[in-house]
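Below is one structure, written out as structure tokens; comments come after it.
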Amino acid sequence: MKGIDEKKLEQEVSQMMIDMGIPAHLRGYHYMRTAVMMTVEDMKVVGSVTKLLYPEIARCYNTTNGKVERAIRNAIEISWKRGNRLTFEKMFGYCMESGQGRPTNSEYIAAIADAIKVRLRETVS
């Protein structure tokens with residue numbers, strides 16, 4: 001989305017992630033925030049997390065792709081256990097008790113990015 005204030009975007013992403021139960025002290029929180037911000041800017045990156053998204057985040061934080069993936073997965077697992085069930089049902093369209101398990105990293109990142117885009121469009125309108 002062109003013309004988005006970087007600071008406003010970061011605040012929106014951070015607030016949504018905290019609302020979803022992702023603890024801010026985790027490395028995965030910071031990696032995911034970067035991933036979501038990159039995805040809001042260009043949704044194509046979430047289609048290729050291992051080739052585009054994780055390497056770029058790893059470069060930003062001076063770490064490896066594997067550590068980025070693992071930290072994001074851990075943050076998602078924690079939020080999936082502790083987060084608000086109604087929020088997850090609304091965002092992912094299925095009930096946590098349905099046995100489908102948690103969404104993949106890319107599904108989770110894409111859902112947050114899409115919700116942020118909608119939220120930002122509403123504030124601009």
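All residue names refer to the structure tokens as shown: chains lettered A, B, ... in order, residues numbered from 1 in each chain, ligands numbered from 1 in order.
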
Q.
Residues within 12 Å of stretch 56-63 of chain A, please, as a list in words. Count only C-alpha atoms; anything in the same chain fewer than 5 positions from it doesn't count.
A.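 Counting only C-alpha atoms, the residues come to Arg27, Gly28, His30, Tyr31, Met32, Arg33, Thr34, Ala35, Val36, Met37, Met38, Thr39, Val45, Val46, Ser48, Val49, Thr50, Lys51, Val68, Glu69, Arg70, Ala71 and Ile72 of chain A.
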
(Q) I'd like to know which residues of chain A are alpha helix (DSSP H) (by DSSP, run on the backbone); could you write them as a PyMOL selection string? (A) chain A and resi 6-19+27-41+54-61+65-82+85-92+105-124

Q) Hey, which of A:His25, A:Lys44, A:Arg85, A:Lys117 ends up closest to A:Arg102? Count only C-alpha atoms. A)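 Closest candidate: A:Arg85.
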
**Q.** Gap from atom CA of A:Gly83 to atom CA of A:Met20 - Å, one decimal
**A.**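 Straight-line distance from atom CA of A:Gly83 to atom CA of A:Met20 works out to 5.2 Å.
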
Near A:Ser14, counting only C-alpha atoms, which residues have an atom at most 9 Å away, once you skip same-chain residues fewer than 3 positions from it, shown as a compact mmCIF listing (two decimals) with N, CA and C atoms, in the first residue's frame?
```txt
# COMPACT_ATOMS: atom_id res chain seq x y z
N LEU A 9 1.98 2.14 10.39
CA LEU A 9 1.88 0.73 10.03
C LEU A 9 2.46 -0.14 11.15
N GLU A 10 3.62 0.23 11.66
CA GLU A 10 4.25 -0.54 12.73
C GLU A 10 3.36 -0.57 13.98
N GLN A 11 2.73 0.54 14.31
CA GLN A 11 1.85 0.60 15.46
C GLN A 11 0.64 -0.31 15.27
N MET A 17 -0.92 -7.81 16.77
CA MET A 17 -0.19 -8.98 17.24
C MET A 17 -0.35 -9.16 18.75
N ILE A 18 -0.33 -8.07 19.48
CA ILE A 18 -0.53 -8.15 20.92
C ILE A 18 -1.96 -8.60 21.22
N ASP A 19 -2.92 -8.07 20.46
CA ASP A 19 -4.32 -8.49 20.62
C ASP A 19 -4.48 -9.99 20.35
N ALA A 24 5.36 -9.87 23.27
CA ALA A 24 6.30 -8.95 22.64
C ALA A 24 7.77 -9.24 22.98
N TYR A 29 8.19 -12.47 17.69
CA TYR A 29 7.31 -11.30 17.62
C TYR A 29 7.91 -10.25 16.70
N ARG A 33 6.53 -9.19 13.06
CA ARG A 33 6.13 -7.81 12.79
C ARG A 33 6.77 -7.33 11.49
```

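Pairwise distance (atom CA of A:Tyr108, atom CA of A:Leu53) equals 13.6 Å.
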
Give me, as a tab-separated table (two decimals) with N, CA, C and O atoms, in the first residue's frame, all polymer residues having an atom no more than 9 Å from A:Ile78, counting only C-alpha atoms and skipping those fewer than 5 positions away in the same chain.
```
chain	number	residue	atom	x	y	z
A	21	GLY	N	-2.35	-12.22	21.11
A	21	GLY	CA	-1.69	-12.98	22.16
A	21	GLY	C	-0.25	-13.34	21.89
A	21	GLY	O	0.29	-14.26	22.50
A	22	ILE	N	0.41	-12.61	20.99
A	22	ILE	CA	1.83	-12.88	20.72
A	22	ILE	C	2.64	-12.05	21.71
A	22	ILE	O	2.60	-10.82	21.67
A	23	PRO	N	3.39	-12.70	22.59
A	23	PRO	CA	4.18	-11.96	23.58
A	23	PRO	C	5.28	-11.13	22.91
A	23	PRO	O	6.03	-11.64	22.07
A	73	ARG	N	7.28	-19.54	14.06
A	73	ARG	CA	6.41	-20.69	14.37
A	73	ARG	C	6.14	-20.76	15.86
A	73	ARG	O	4.99	-20.99	16.30
A	83	GLY	N	-4.27	-17.04	22.82
A	83	GLY	CA	-5.03	-15.94	22.22
A	83	GLY	C	-6.53	-16.09	22.33
A	83	GLY	O	-7.06	-17.12	22.77
```
